[in-house]
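Here's target_23.txt, which has compact mmCIF, C-alpha atoms and all ligand atoms:
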```txt
# COMPACT_ATOMS: atom_id res chain seq x y z
CA MET A 19 10.36 -5.23 -35.08
CA LYS A 20 7.95 -2.85 -33.38
CA VAL A 21 6.82 -3.66 -29.85
CA LEU A 22 4.30 -1.82 -27.71
CA ILE A 23 5.12 -1.95 -24.01
CA CYS A 24 2.25 -1.04 -21.69
CA GLY A 25 3.52 0.49 -18.43
CA ALA A 26 6.52 2.70 -17.62
CA GLY A 27 7.32 0.99 -14.32
CA ILE A 28 10.42 -1.07 -13.57
CA ALA A 29 9.41 -4.00 -15.81
CA GLY A 30 8.28 -1.85 -18.75
CA LEU A 31 11.28 0.47 -18.80
CA ALA A 32 13.74 -2.42 -18.40
CA THR A 33 12.06 -4.42 -21.19
CA ALA A 34 12.18 -1.34 -23.44
CA TYR A 35 15.87 -0.89 -22.65
CA TRP A 36 16.75 -4.48 -23.56
CA LEU A 37 14.62 -4.68 -26.69
CA HIS A 38 16.15 -1.45 -27.94
CA ARG A 39 19.61 -2.84 -27.22
CA HIS A 40 18.73 -5.91 -29.30
CA GLY A 41 17.91 -3.60 -32.21
CA TRP A 42 14.12 -3.59 -31.85
CA GLU A 43 11.86 -0.55 -31.84
CA PRO A 44 9.87 -0.34 -28.60
CA THR A 45 7.17 2.22 -27.80
CA VAL A 46 6.26 2.64 -24.12
CA VAL A 47 2.74 3.73 -23.22
CA GLU A 48 2.05 4.81 -19.63
CA ARG A 49 -1.45 5.40 -18.35
CA ALA A 50 -0.40 8.09 -15.86
CA PRO A 51 0.29 11.60 -17.19
CA ALA A 52 3.94 11.38 -16.08
CA LEU A 53 6.40 8.84 -14.76
CA ARG A 54 5.12 7.37 -11.48
CA ASP A 55 8.17 7.69 -9.32
CA GLY A 56 6.58 7.11 -5.91
CA GLY A 57 7.26 4.19 -3.63
CA TYR A 58 9.37 3.09 -0.71
CA LYS A 59 12.73 1.32 -0.64
CA VAL A 60 13.01 -1.63 -3.03
CA ASP A 61 15.62 -4.38 -3.08
CA ILE A 62 17.62 -5.63 -6.05
CA ARG A 63 18.91 -9.02 -5.09
CA GLY A 64 20.82 -12.00 -6.46
CA THR A 65 20.43 -12.53 -10.21
CA ALA A 66 18.76 -9.11 -10.59
CA VAL A 67 22.06 -7.53 -9.51
CA ASP A 68 23.67 -9.26 -12.53
CA VAL A 69 20.97 -7.72 -14.74
CA VAL A 70 21.69 -4.15 -13.58
CA GLU A 71 25.40 -4.90 -13.96
CA ARG A 72 24.77 -5.90 -17.60
CA MET A 73 22.80 -2.66 -18.05
CA GLY A 74 25.83 -0.73 -16.76
CA LEU A 75 23.73 0.62 -13.89
CA ARG A 76 25.18 -1.09 -10.86
CA ASP A 77 27.43 1.84 -9.86
CA ALA A 78 24.69 4.43 -10.43
CA ILE A 79 22.36 2.40 -8.23
CA ARG A 80 25.02 2.00 -5.57
CA ASP A 81 25.58 5.79 -5.65
CA ARG A 82 21.88 6.34 -4.96
CA ALA A 83 21.49 3.41 -2.57
CA THR A 84 19.53 4.04 0.59
CA ALA A 85 22.68 3.30 2.63
CA ILE A 86 20.37 2.69 5.54
CA ARG A 87 22.19 2.39 8.85
CA THR A 88 19.70 1.41 11.52
CA ALA A 89 16.09 0.42 12.06
CA THR A 90 14.68 1.59 15.40
CA GLN A 91 11.46 0.25 16.81
CA TYR A 92 9.30 2.66 18.85
CA ASP A 93 6.47 1.88 21.22
CA GLU A 94 3.11 3.69 21.15
CA ARG A 95 4.45 6.42 23.45
CA GLY A 96 7.47 7.10 21.26
CA ARG A 97 10.10 5.34 23.34
CA ALA A 98 12.83 3.58 21.35
CA VAL A 99 12.56 -0.07 22.37
CA ALA A 100 15.04 -1.73 20.01
CA VAL A 101 17.70 -0.75 17.50
CA LEU A 102 18.83 -3.16 14.81
CA ASP A 103 21.59 -3.02 12.25
CA ALA A 104 19.67 -2.28 9.04
CA GLU A 105 21.53 -4.78 6.84
CA LEU A 106 20.42 -7.54 9.18
CA PHE A 107 16.91 -6.15 9.54
CA GLY A 108 16.51 -6.03 5.75
CA GLY A 109 17.68 -9.61 5.18
CA ARG A 110 20.25 -8.53 2.60
CA HIS A 111 23.22 -10.50 1.35
CA SER A 112 26.49 -8.83 0.42
CA GLY A 113 26.21 -7.36 -3.08
CA ASP A 114 22.44 -6.83 -2.85
CA LEU A 115 21.29 -3.28 -3.52
CA GLU A 116 18.56 -1.18 -1.96
CA ILE A 117 17.26 2.01 -3.59
CA MET A 118 14.13 4.15 -3.41
CA ARG A 119 11.71 2.92 -6.09
CA GLY A 120 11.43 6.44 -7.50
CA ASP A 121 15.21 6.75 -7.94
CA LEU A 122 15.34 3.41 -9.78
CA THR A 123 12.42 4.37 -12.03
CA GLN A 124 14.14 7.66 -12.89
CA LEU A 125 17.44 5.90 -13.60
CA LEU A 126 15.75 3.44 -15.97
CA TYR A 127 13.83 6.24 -17.67
CA GLU A 128 17.08 8.15 -18.26
CA GLN A 129 18.36 5.09 -20.15
CA THR A 130 15.46 5.09 -22.59
CA ARG A 131 13.87 8.56 -22.75
CA HIS A 132 16.03 9.94 -25.58
CA ARG A 133 16.26 6.69 -27.52
CA LEU A 134 12.70 5.57 -27.93
CA GLU A 135 9.10 6.72 -27.95
CA HIS A 136 7.23 7.18 -24.67
CA VAL A 137 3.55 8.11 -24.67
CA PHE A 138 2.05 9.28 -21.37
CA GLY A 139 -1.55 9.71 -20.35
CA THR A 140 -3.21 6.98 -22.40
CA HIS A 141 -3.65 3.23 -22.45
CA VAL A 142 -4.77 0.38 -24.66
CA VAL A 143 -8.54 -0.22 -24.67
CA ALA A 144 -8.74 -2.95 -27.32
CA ALA A 145 -6.36 -5.31 -29.08
CA GLU A 146 -6.85 -7.72 -31.97
CA GLN A 147 -4.16 -10.06 -33.18
CA ASP A 148 -3.50 -12.32 -36.15
CA ASP A 149 -0.43 -14.28 -37.30
CA ALA A 150 1.46 -11.15 -38.33
CA GLN A 151 0.64 -8.31 -35.94
CA VAL A 152 -1.39 -6.88 -33.07
CA ARG A 153 -3.68 -3.95 -33.81
CA VAL A 154 -4.40 -1.82 -30.77
CA ALA A 155 -6.78 1.03 -30.02
CA PHE A 156 -5.78 3.60 -27.40
CA ALA A 157 -8.07 5.52 -25.07
CA SER A 158 -6.93 8.64 -26.92
CA GLY A 159 -8.72 7.28 -29.99
CA GLU A 160 -5.52 6.52 -31.91
CA GLU A 161 -5.08 3.08 -33.57
CA ARG A 162 -1.73 1.48 -34.32
CA ALA A 163 -0.23 -1.89 -35.29
CA PHE A 164 2.75 -3.61 -33.65
CA ASP A 165 4.58 -6.89 -34.16
CA PHE A 166 4.23 -7.69 -30.45
CA VAL A 167 2.68 -6.21 -27.31
CA VAL A 168 4.17 -6.55 -23.81
CA GLY A 169 1.96 -5.91 -20.79
CA ALA A 170 4.15 -4.45 -18.02
CA ASP A 171 1.29 -2.56 -16.44
CA GLY A 172 1.45 -3.84 -12.89
CA VAL A 173 -0.63 -6.00 -10.61
CA HIS A 174 -3.96 -4.73 -11.98
CA SER A 175 -2.80 -5.08 -15.59
CA GLY A 176 -5.14 -4.05 -18.37
CA ALA A 177 -3.06 -6.07 -20.85
CA ARG A 178 -3.70 -9.17 -18.74
CA ARG A 179 -7.42 -8.51 -18.97
CA LEU A 180 -7.17 -8.24 -22.75
CA CYS A 181 -5.41 -11.63 -22.91
CA PHE A 182 -7.08 -13.65 -20.22
CA GLY A 183 -10.22 -11.79 -19.17
CA ASP A 184 -10.74 -10.98 -15.49
CA THR A 185 -8.09 -12.75 -13.43
CA VAL A 186 -8.36 -11.62 -9.83
CA PRO A 187 -4.97 -11.39 -8.07
CA HIS A 188 -4.68 -13.69 -5.06
CA SER A 189 -5.16 -11.41 -2.01
CA LEU A 190 -2.85 -11.89 0.98
CA GLY A 191 -5.45 -10.18 3.18
CA HIS A 192 -3.37 -7.05 3.76
CA HIS A 193 -2.93 -3.60 2.21
CA ILE A 194 0.04 -1.36 1.63
CA ALA A 195 0.08 2.44 1.57
CA ILE A 196 3.12 4.59 0.78
CA TYR A 197 3.56 8.34 0.44
CA THR A 198 5.95 11.21 0.98
CA VAL A 199 5.84 12.98 4.35
CA PRO A 200 7.96 15.78 5.87
CA ASN A 201 11.04 14.39 7.61
CA HIS A 202 9.85 15.73 10.93
CA LEU A 203 11.60 12.89 12.75
CA GLY A 204 14.98 14.08 11.42
CA LEU A 205 15.84 10.65 10.02
CA ASP A 206 19.15 10.39 8.19
CA ARG A 207 19.52 7.00 6.52
CA GLN A 208 17.54 5.60 9.45
CA GLU A 209 14.26 3.75 9.55
CA ALA A 210 11.68 4.15 12.31
CA VAL A 211 9.25 1.30 12.90
CA HIS A 212 6.10 0.97 14.99
CA LEU A 213 4.01 -2.17 15.41
CA ALA A 214 0.43 -2.59 16.60
CA PRO A 215 -1.68 -5.75 16.26
CA GLY A 216 -2.35 -6.28 12.53
CA ARG A 217 -0.69 -2.98 11.58
CA THR A 218 2.86 -1.83 10.96
CA VAL A 219 4.23 1.57 10.00
CA ASN A 220 7.76 2.30 8.76
CA VAL A 221 9.22 5.74 8.06
CA TYR A 222 12.46 6.17 6.18
CA SER A 223 14.57 9.06 4.91
CA THR A 224 17.94 9.36 3.22
CA GLY A 225 18.23 12.71 5.03
CA GLY A 226 16.90 16.03 3.81
CA PRO A 227 13.44 17.53 4.17
CA SER A 228 11.26 14.59 3.13
CA ALA A 229 10.70 11.01 4.21
CA LYS A 230 8.53 8.12 3.02
CA ALA A 231 5.88 6.54 5.20
CA LEU A 232 4.82 2.96 4.58
CA PHE A 233 1.81 1.30 6.21
CA LEU A 234 1.05 -2.41 6.11
CA PHE A 235 -2.26 -3.49 7.59
CA ALA A 236 -4.68 -6.39 7.60
CA ALA A 237 -8.09 -5.40 6.24
CA PRO A 238 -10.72 -6.75 3.88
CA GLU A 239 -11.17 -5.12 0.46
CA SER A 240 -12.94 -1.76 0.54
CA ASP A 241 -14.45 0.66 -1.95
CA ALA A 242 -13.90 3.61 0.42
CA ASP A 243 -11.78 6.58 -0.60
CA PRO A 244 -8.16 5.30 -0.21
CA ARG A 245 -7.06 7.99 2.27
CA THR A 246 -10.17 7.45 4.42
CA PHE A 247 -9.69 3.69 4.24
CA LEU A 248 -6.09 4.05 5.47
CA ALA A 249 -7.05 6.48 8.24
CA ASP A 250 -9.86 4.18 9.45
CA SER A 251 -7.62 1.10 9.27
CA VAL A 252 -4.87 2.56 11.46
CA ALA A 253 -7.16 4.52 13.83
CA GLY A 254 -6.08 4.17 17.45
CA MET A 255 -2.39 3.58 16.69
CA GLY A 256 -0.02 5.64 18.83
CA TRP A 257 3.52 6.93 18.20
CA GLU A 258 3.61 9.37 15.24
CA VAL A 259 0.77 7.73 13.36
CA PRO A 260 -1.90 10.48 13.73
CA ARG A 261 0.56 13.06 12.41
CA LEU A 262 1.64 10.81 9.51
CA ILE A 263 -2.00 10.24 8.57
CA GLY A 264 -2.49 14.00 8.59
CA TYR A 265 0.15 14.31 5.86
CA ALA A 266 -1.69 11.91 3.52
CA ALA A 267 -4.16 14.54 2.31
CA ASP A 268 -1.44 16.60 0.61
CA ALA A 269 0.81 13.76 -0.58
CA PRO A 270 0.91 13.89 -4.40
CA ASP A 271 2.35 10.37 -4.63
CA PHE A 272 -0.16 8.69 -2.29
CA TYR A 273 -0.23 4.98 -3.20
CA LEU A 274 -2.50 2.34 -1.72
CA ASP A 275 -3.00 -1.20 -2.93
CA THR A 276 -3.91 -4.67 -1.77
CA LEU A 277 -1.06 -7.07 -1.09
CA ALA A 278 -1.74 -9.66 -3.74
CA GLN A 279 0.00 -12.19 -5.93
CA VAL A 280 -0.62 -12.86 -9.61
CA ARG A 281 -0.53 -16.58 -10.39
CA LEU A 282 -1.25 -17.42 -14.02
CA ASP A 283 -1.05 -20.69 -15.94
CA SER A 284 0.54 -18.85 -18.86
CA TRP A 285 2.22 -15.47 -19.30
CA SER A 286 1.42 -14.95 -22.97
CA LYS A 287 -1.23 -15.40 -25.60
CA GLY A 288 -0.16 -15.27 -29.24
CA ARG A 289 1.75 -12.04 -29.82
CA ILE A 290 0.99 -10.53 -26.39
CA ALA A 291 3.12 -11.35 -23.33
CA LEU A 292 3.12 -10.15 -19.74
CA VAL A 293 6.12 -9.31 -17.55
CA GLY A 294 6.72 -8.04 -14.00
CA ASP A 295 3.76 -7.67 -11.65
CA ALA A 296 1.31 -8.02 -14.55
CA ALA A 297 2.48 -11.62 -15.07
CA PHE A 298 3.75 -12.79 -11.71
CA CYS A 299 3.44 -10.15 -8.98
CA PRO A 300 4.97 -11.72 -5.86
CA SER A 301 3.57 -8.81 -3.73
CA PRO A 302 5.67 -6.27 -1.82
CA ALA A 303 5.63 -8.75 1.10
CA SER A 304 8.07 -10.95 -0.84
CA GLY A 305 10.51 -8.06 -1.27
CA GLN A 306 11.23 -9.50 -4.71
CA GLY A 307 8.88 -7.63 -7.08
CA THR A 308 11.59 -5.39 -8.46
CA SER A 309 14.11 -8.21 -8.85
CA LEU A 310 11.57 -10.40 -10.66
CA ALA A 311 10.69 -7.47 -12.93
CA LEU A 312 14.34 -6.86 -13.84
CA VAL A 313 15.14 -10.51 -14.48
CA GLY A 314 11.84 -10.97 -16.34
CA ALA A 315 12.55 -8.00 -18.61
CA TYR A 316 16.02 -9.29 -19.42
CA ALA A 317 14.84 -12.81 -20.25
CA LEU A 318 11.72 -11.75 -22.16
CA ALA A 319 13.60 -9.29 -24.37
CA GLY A 320 16.50 -11.69 -24.92
CA GLU A 321 14.35 -14.67 -25.86
CA LEU A 322 12.03 -12.64 -28.07
CA ALA A 323 14.92 -11.04 -29.96
CA ALA A 324 16.68 -14.40 -30.35
CA ASN A 325 13.61 -16.20 -31.68
CA PRO A 326 10.45 -14.13 -32.23
CA ALA A 327 8.33 -17.21 -32.96
CA GLY A 328 9.20 -19.15 -29.79
CA GLY A 329 10.50 -16.39 -27.54
CA PHE A 330 7.54 -16.11 -25.19
CA ALA A 331 7.49 -19.85 -24.47
CA ALA A 332 11.27 -19.92 -23.86
CA TYR A 333 10.99 -16.92 -21.50
CA GLU A 334 8.34 -18.66 -19.45
CA ALA A 335 10.16 -22.01 -19.39
CA GLN A 336 13.28 -20.27 -18.12
CA LEU A 337 11.64 -18.27 -15.32
CA ARG A 338 8.63 -20.23 -14.03
CA ASP A 339 10.48 -22.02 -11.17
CA PHE A 340 12.34 -18.85 -10.22
CA VAL A 341 9.05 -16.98 -9.92
CA VAL A 342 7.39 -19.71 -7.85
CA LYS A 343 10.33 -19.82 -5.40
CA ASN A 344 10.25 -16.04 -4.93
CA GLN A 345 6.48 -15.83 -4.58
CA ALA A 346 6.79 -18.43 -1.81
CA LEU A 347 8.76 -15.95 0.33
CA ALA A 348 5.79 -13.62 0.81
CA ALA A 349 3.71 -15.50 3.38
CA GLY A 350 6.57 -15.97 5.87
CA ASN A 351 7.85 -12.42 5.43
CA LEU A 352 4.37 -11.04 6.00
CA ARG A 353 4.02 -12.94 9.29
CA GLY A 354 7.22 -11.22 10.47
CA MET A 355 6.26 -7.76 9.19
CA VAL A 356 2.66 -7.55 10.43
CA VAL A 357 2.08 -9.26 13.75
CA GLY A 358 -1.51 -10.32 14.36
CA SER A 359 -2.03 -10.13 18.14
CA ALA A 360 -1.06 -7.92 21.09
CA PHE A 361 0.88 -10.85 22.53
CA GLY A 362 2.68 -11.27 19.19
CA VAL A 363 3.68 -7.59 19.19
CA TRP A 364 4.95 -7.89 22.76
CA ALA A 365 6.94 -11.04 21.91
CA GLN A 366 8.40 -9.58 18.72
CA THR A 367 9.42 -6.37 20.51
CA ARG A 368 11.04 -8.39 23.27
CA MET A 369 12.91 -10.47 20.71
CA MET A 370 14.13 -7.37 18.81
CA LYS A 371 15.37 -5.98 22.11
CA VAL A 372 17.42 -8.97 23.18
CA LEU A 373 18.45 -10.31 19.78
CA PRO A 374 21.36 -7.89 19.14
CA HIS A 375 22.88 -8.97 22.47
CA LEU A 376 22.62 -12.72 21.94
CA PRO A 377 25.80 -14.56 20.97
CA GLY A 378 25.49 -15.66 17.33
CA HIS A 379 22.65 -13.23 16.57
CA ARG A 380 24.10 -12.49 13.12
CA ALA A 381 23.88 -16.16 12.24
CA ILE A 382 20.30 -16.39 13.56
CA ILE A 383 19.09 -13.44 11.48
CA GLY A 384 21.37 -14.45 8.62
CA ARG A 385 19.23 -17.55 8.12
CA VAL A 386 16.41 -15.31 6.89
CA ALA A 387 18.78 -13.61 4.46
CA ASP A 388 20.01 -17.02 3.26
CA THR A 389 16.46 -18.16 2.42
CA ILE A 390 15.84 -15.00 0.38
CA HIS A 391 19.25 -15.24 -1.30
CA GLU A 392 18.59 -18.84 -2.33
CA ALA A 393 15.36 -17.83 -4.09
CA ALA A 394 16.88 -14.65 -5.54
CA THR A 395 19.74 -16.59 -7.17
CA SER A 396 17.73 -19.60 -8.33
CA VAL A 397 18.07 -18.74 -12.01
CA THR A 398 21.17 -18.12 -14.13
CA LEU A 399 21.14 -15.47 -16.82
CA LYS A 400 21.68 -16.57 -20.39
CA ASP A 401 23.80 -14.51 -22.77
CA TYR A 402 21.86 -13.09 -25.69
C1 LIG B 501 3.62 4.23 -7.42
C2 LIG B 501 4.10 2.85 -7.05
C3 LIG B 501 4.77 2.66 -5.84
C4 LIG B 501 5.22 1.38 -5.49
N1 LIG B 501 5.91 1.24 -4.33
C5 LIG B 501 6.40 0.03 -3.97
C6 LIG B 501 7.17 -0.15 -2.80
O1 LIG B 501 7.43 0.79 -2.08
N2 LIG B 501 7.61 -1.39 -2.47
C7 LIG B 501 7.37 -2.46 -3.29
O2 LIG B 501 7.78 -3.57 -2.96
N3 LIG B 501 6.68 -2.33 -4.42
C8 LIG B 501 6.19 -1.12 -4.78
N4 LIG B 501 5.47 -0.98 -5.95
C9 LIG B 501 5.35 -2.17 -6.81
C10 LIG B 501 6.69 -2.42 -7.48
O3 LIG B 501 7.05 -1.29 -8.25
C11 LIG B 501 6.59 -3.64 -8.35
O4 LIG B 501 6.27 -4.77 -7.57
C12 LIG B 501 7.87 -4.03 -9.09
O5 LIG B 501 8.79 -2.99 -9.23
C13 LIG B 501 7.50 -4.56 -10.47
O6 LIG B 501 7.16 -3.46 -11.25
P1 LIG B 501 6.22 -3.45 -12.49
O7 LIG B 501 6.89 -2.55 -13.45
O8 LIG B 501 5.86 -4.82 -12.92
O9 LIG B 501 4.85 -2.78 -11.95
P2 LIG B 501 4.59 -1.31 -11.42
O10 LIG B 501 5.75 -0.76 -10.71
O11 LIG B 501 3.29 -1.36 -10.71
O12 LIG B 501 4.43 -0.43 -12.77
C14 LIG B 501 3.33 -0.57 -13.63
C15 LIG B 501 3.19 0.72 -14.42
O13 LIG B 501 2.14 0.53 -15.38
C16 LIG B 501 1.28 1.66 -15.33
N5 LIG B 501 -0.04 1.23 -15.81
C17 LIG B 501 -1.03 0.66 -15.10
N6 LIG B 501 -2.06 0.34 -15.92
C18 LIG B 501 -1.69 0.70 -17.17
C19 LIG B 501 -2.29 0.59 -18.46
N7 LIG B 501 -3.51 0.02 -18.61
N8 LIG B 501 -1.62 1.05 -19.54
C20 LIG B 501 -0.38 1.62 -19.39
N9 LIG B 501 0.23 1.75 -18.20
C21 LIG B 501 -0.41 1.28 -17.11
C22 LIG B 501 1.33 2.13 -13.90
O14 LIG B 501 0.93 3.49 -13.79
C23 LIG B 501 2.82 1.92 -13.57
O15 LIG B 501 3.59 3.02 -13.96
C24 LIG B 501 4.99 0.27 -6.34
C25 LIG B 501 4.31 0.46 -7.56
C26 LIG B 501 3.86 1.73 -7.92
C27 LIG B 501 3.15 1.94 -9.25
```
Rewrite the structure from the file as structure tokens, please.
Ligand SMILES: Cc1cc2nc3c(=O)[nH]c(=O)nc-3n(C[C@H](O)[C@H](O)[C@H](O)COP(=O)(O)OP(=O)(O)OC[C@H]3O[C@@H](n4cnc5c(N)ncnc54)[C@H](O)[C@@H]3O)c2cc1C
Amino acid sequence: MKVLICGAGIAGLATAYWLHRHGWEPTVVERAPALRDGGYKVDIRGTAVDVVERMGLRDAIRDRATAIRTATQYDERGRAVAVLDAELFGGRHSGDLEIMRGDLTQLLYEQTRHRLEHVFGTHVVAAEQDDAQVRVAFASGEERAFDFVVGADGVHSGARRLCFGDTVPHSLGHHIAIYTVPNHLGLDRQEAVHLAPGRTVNVYSTGGPSAKALFLFAAPESDADPRTFLADSVAGMGWEVPRLIGYAADAPDFYLDTLAQVRLDSWSKGRIALVGDAAFCPSPASGQGTSLALVGAYALAGELAANPAGGFAAYEAQLRDFVVKNQALAAGNLRGMVVGSAFGVWAQTRMMKVLPHLPGHRAIIGRVADTIHEAATSVTLKDY
């Protein structure tokens, strides 16, 4: 069986891996000219940890884990106002993994690059399907036929448009920007955080010369140039922000997107199915996009290989509740990550300062981790 997978992100590469392991012949097409290995830290939690275990990747991921030690909050003048144990700050449960998105993408690519076809720098522009196959036309002008097509092409999926027309992701009213910056703060497995009303910036490095900067900010949609939009949106912030914004111009991996969720009534149409952010993006605010992509890839490939005729329906039946529970995490997380008012920033800073000294603080913060863990483990993997 030949399957075209659109998108060489986490969902696409993992789906390709599993379909190949089930004896199918996947081809991965990626719109970008090379693997997009940008991004900040991503979490692999709960059932998704079982998936990477079954891929034989758990140890490799642990070896490249961020191993973050502390998160320090700075005020606008650069004074450290609170230091938190990073495991608590990140809401992780024991066994959960955290890795830079780029390292995970590279690891997944290593699993598939010599075993199956990857085509970079093009994308599907038209698809027609009948009972036996899907015929696709690529932007390069080439035409090919496949037994199935999987859209793993992210939150703004072109495959989704081909199936369902224009479905606008549900905006959470915020944006995210991420890019590589020099590690001028000398961070070594430490995260630096600064809050202003409606805007948050985090900088993280595993040590070495570079770091990643992440901005979260409330703003309406804009057609402005992405770097200008970011600079305008965080104008007036103190701490290291002006210097970090100065680095954006030269960052080759500059990434900016809206925080949005994809909520569809169905994840497939005929011989075309969607997986990962294309089907059910929970938004980076949920912290569960990568875990949903990994579990989705495992279930989609397993069900399709077990029963090509009914595989897409079985995949959706198995994961729908799991997806809904994880998408539900985003709104609450976002309220904690981006604080709307000056009073809110003051109160949050105060709380971060005193929390580590309160008796039972681990249990208090642990409640957040428990809520995430419950959602992250709310599905059990089948054996295929
Ligand atoms: C550069 C980048 C950085 C990110 N950083 C973070 C982060 O720091 N934190 C976080 O929580 N989430 C981040 N995300 C989102 C996160 O990767 C996903 O939520 C999650 O891993 C699910 O992945 P996915 O494979 O479904 O989608 P994505 O990771 O978005 O991958 C989709 C892939 O499809 C490609 N593509 C897009 N359109 C087409 C097309 N028409 N045809 C073929 N290919 C196409 C894209 O170039 C991309 O490689 C980032 C995504 C990207 C692309």
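With all atoms listed in the file as the atoms that count, the residue of A:Val386, A:Glu94, A:Leu277, A:Gly294 with the shortest distance to Gly254 in chain A is A:Glu94.
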>> Could you check the closest approach to ligand LIG 501 (chain B) for each of A:Leu102, A:Ala323, A:Ala332, A:Ala348 and tell me which residue wins, using only C-alpha atoms and all ligand atoms?
In response: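 Of the candidates, the smallest distance to ligand LIG 501 (chain B) is held by A:Ala348.
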>> Using all atoms listed in the file for the distances, tell me which of A:Gly320, A:Gly96, A:Gly169, A:Gly216 is nearest to ligand LIG 501 (chain B).
In response: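 Checking each of A:Gly320, A:Gly96, A:Gly169, A:Gly216 against ligand LIG 501 (chain B), counting all atoms listed in the file, the winner is A:Gly169.
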Residues of chain A that approach ligand LIG 501 (chain B) to 7 Å or less, counting all atoms listed in the file: could you list each one with the shortest pair of atoms and its distance in Å to one decimal, rows by chain and increasing residue number, as a Markdown table?
```
| residue | atom | partner | partner_atom | distance |
| --- | --- | --- | --- | --- |
| A:Cys24 | CA | B:LIG501 | C20 | 4.4 |
| A:Gly25 | CA | B:LIG501 | O13 | 3.3 |
| A:Ala26 | CA | B:LIG501 | O15 | 4.7 |
| A:Gly27 | CA | B:LIG501 | O12 | 3.6 |
| A:Ile28 | CA | B:LIG501 | O7 | 3.8 |
| A:Ala29 | CA | B:LIG501 | O7 | 3.7 |
| A:Gly30 | CA | B:LIG501 | O7 | 5.5 |
| A:Val47 | CA | B:LIG501 | C20 | 5.4 |
| A:Glu48 | CA | B:LIG501 | N9 | 3.8 |
| A:Arg49 | CA | B:LIG501 | N9 | 4.0 |
| A:Ala50 | CA | B:LIG501 | O14 | 5.2 |
| A:Leu53 | CA | B:LIG501 | O15 | 6.5 |
| A:Arg54 | CA | B:LIG501 | O15 | 5.2 |
| A:Asp55 | CA | B:LIG501 | C1 | 6.0 |
| A:Gly56 | CA | B:LIG501 | C1 | 4.4 |
| A:Gly57 | CA | B:LIG501 | N1 | 3.3 |
| A:Tyr58 | CA | B:LIG501 | O1 | 3.3 |
| A:Lys59 | CA | B:LIG501 | O1 | 5.5 |
| A:Val60 | CA | B:LIG501 | N2 | 5.4 |
| A:Arg119 | CA | B:LIG501 | O1 | 6.2 |
| A:Thr140 | CA | B:LIG501 | C20 | 6.8 |
| A:His141 | CA | B:LIG501 | N8 | 4.2 |
| A:Val142 | CA | B:LIG501 | N8 | 6.0 |
| A:Ala170 | CA | B:LIG501 | O8 | 5.4 |
| A:Asp171 | CA | B:LIG501 | O13 | 3.4 |
| A:Gly172 | CA | B:LIG501 | O9 | 3.7 |
| A:Val173 | CA | B:LIG501 | O11 | 6.1 |
| A:His174 | CA | B:LIG501 | N6 | 6.7 |
| A:Ser175 | CA | B:LIG501 | N6 | 5.5 |
| A:Gly176 | CA | B:LIG501 | N7 | 4.4 |
| A:Ala177 | CA | B:LIG501 | N7 | 6.5 |
| A:Ile196 | CA | B:LIG501 | O1 | 6.4 |
| A:Asp271 | CA | B:LIG501 | C1 | 6.9 |
| A:Tyr273 | CA | B:LIG501 | C1 | 5.8 |
| A:Val293 | CA | B:LIG501 | O8 | 6.5 |
| A:Gly294 | CA | B:LIG501 | O8 | 3.5 |
| A:Asp295 | CA | B:LIG501 | O8 | 3.8 |
| A:Ala296 | CA | B:LIG501 | O8 | 5.8 |
| A:Cys299 | CA | B:LIG501 | O4 | 6.2 |
| A:Ser301 | CA | B:LIG501 | O4 | 6.2 |
| A:Pro302 | CA | B:LIG501 | O2 | 3.6 |
| A:Ala303 | CA | B:LIG501 | O2 | 6.9 |
| A:Gly305 | CA | B:LIG501 | O2 | 5.5 |
| A:Gly307 | CA | B:LIG501 | O4 | 3.9 |
| A:Thr308 | CA | B:LIG501 | O5 | 3.8 |
| A:Ala311 | CA | B:LIG501 | C13 | 5.0 |
```
>> Which residues are near Ala100 in chain A? Cut-off 10 Å, all atoms listed in the file, ignore same chain within fewer than 6 positions. Put them as a count of residues only.
In response: 14
> If you measure from CA of Cys181 in chain A to CA of Leu282 in chain A, what distance in Å do you get, rounded to one decimal?
Replying inline: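 Atom-to-atom, CA of Cys181 in chain A and CA of Leu282 in chain A are spaced 11.4 Å apart.
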> Of the candidates A:Gly256, A:Phe361, A:Gly314, A:Met118, which one gets nearest to Ala229 in chain A if we count only C-alpha atoms?
Replying inline: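 Looking at the shortest contact to Ala229 in chain A, the residue is A:Met118.
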>> Quick one: residues within 10 Å of Val186 in chain A, only C-alpha atoms, excluding same-chain residues fewer than 6 positions away - as a list of chain:residue names?
In response: A:Val173, A:His174, A:Arg179, A:Ala278, A:Gln279, A:Val280, A:Arg281
> So what do you get for CA of Arg39 in chain A versus CA of Ser158 in chain A, distance-wise?
Replying inline: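 That distance, rounded to one decimal, is 28.9 Å.
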> So how far away is CA of Lys230 in chain A from CA of Pro51 in chain A, in Å?
Replying inline: 22.1 Å
>> Residues within 12 Å of Ile62 in chain A, please, as a ChimeraX atom specification. Count all atoms listed in the file; anything in the same chain fewer than 6 positions from it doesn't count.
In response: /A:28,68-71,75-76,79-80,83-84,108-119,122,305-313,390-391,394-395
Adding 4 Å on each side of the box along x, y and z that holds all listed atoms of range 184-188 of chain A, could you give its centre and edge lengths in Å to one decimal, as lines of an AutoDock Vina configuration file?
```
center_x = -7.7
center_y = -12.3
center_z = -10.3
size_x = 14.1
size_y = 10.7
size_z = 18.4
```
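Distances to Ala360 in chain A were evaluated for A:Ala331, A:Leu213, A:Leu399, A:Ala387 using all atoms listed in the file, and the minimum falls at A:Leu213.
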> Pick the closest to Arg178 in chain A from A:Gln208, A:Leu292, A:Arg217, A:Asp165: which is it, counting only C-alpha atoms?
Replying inline: A:Leu292
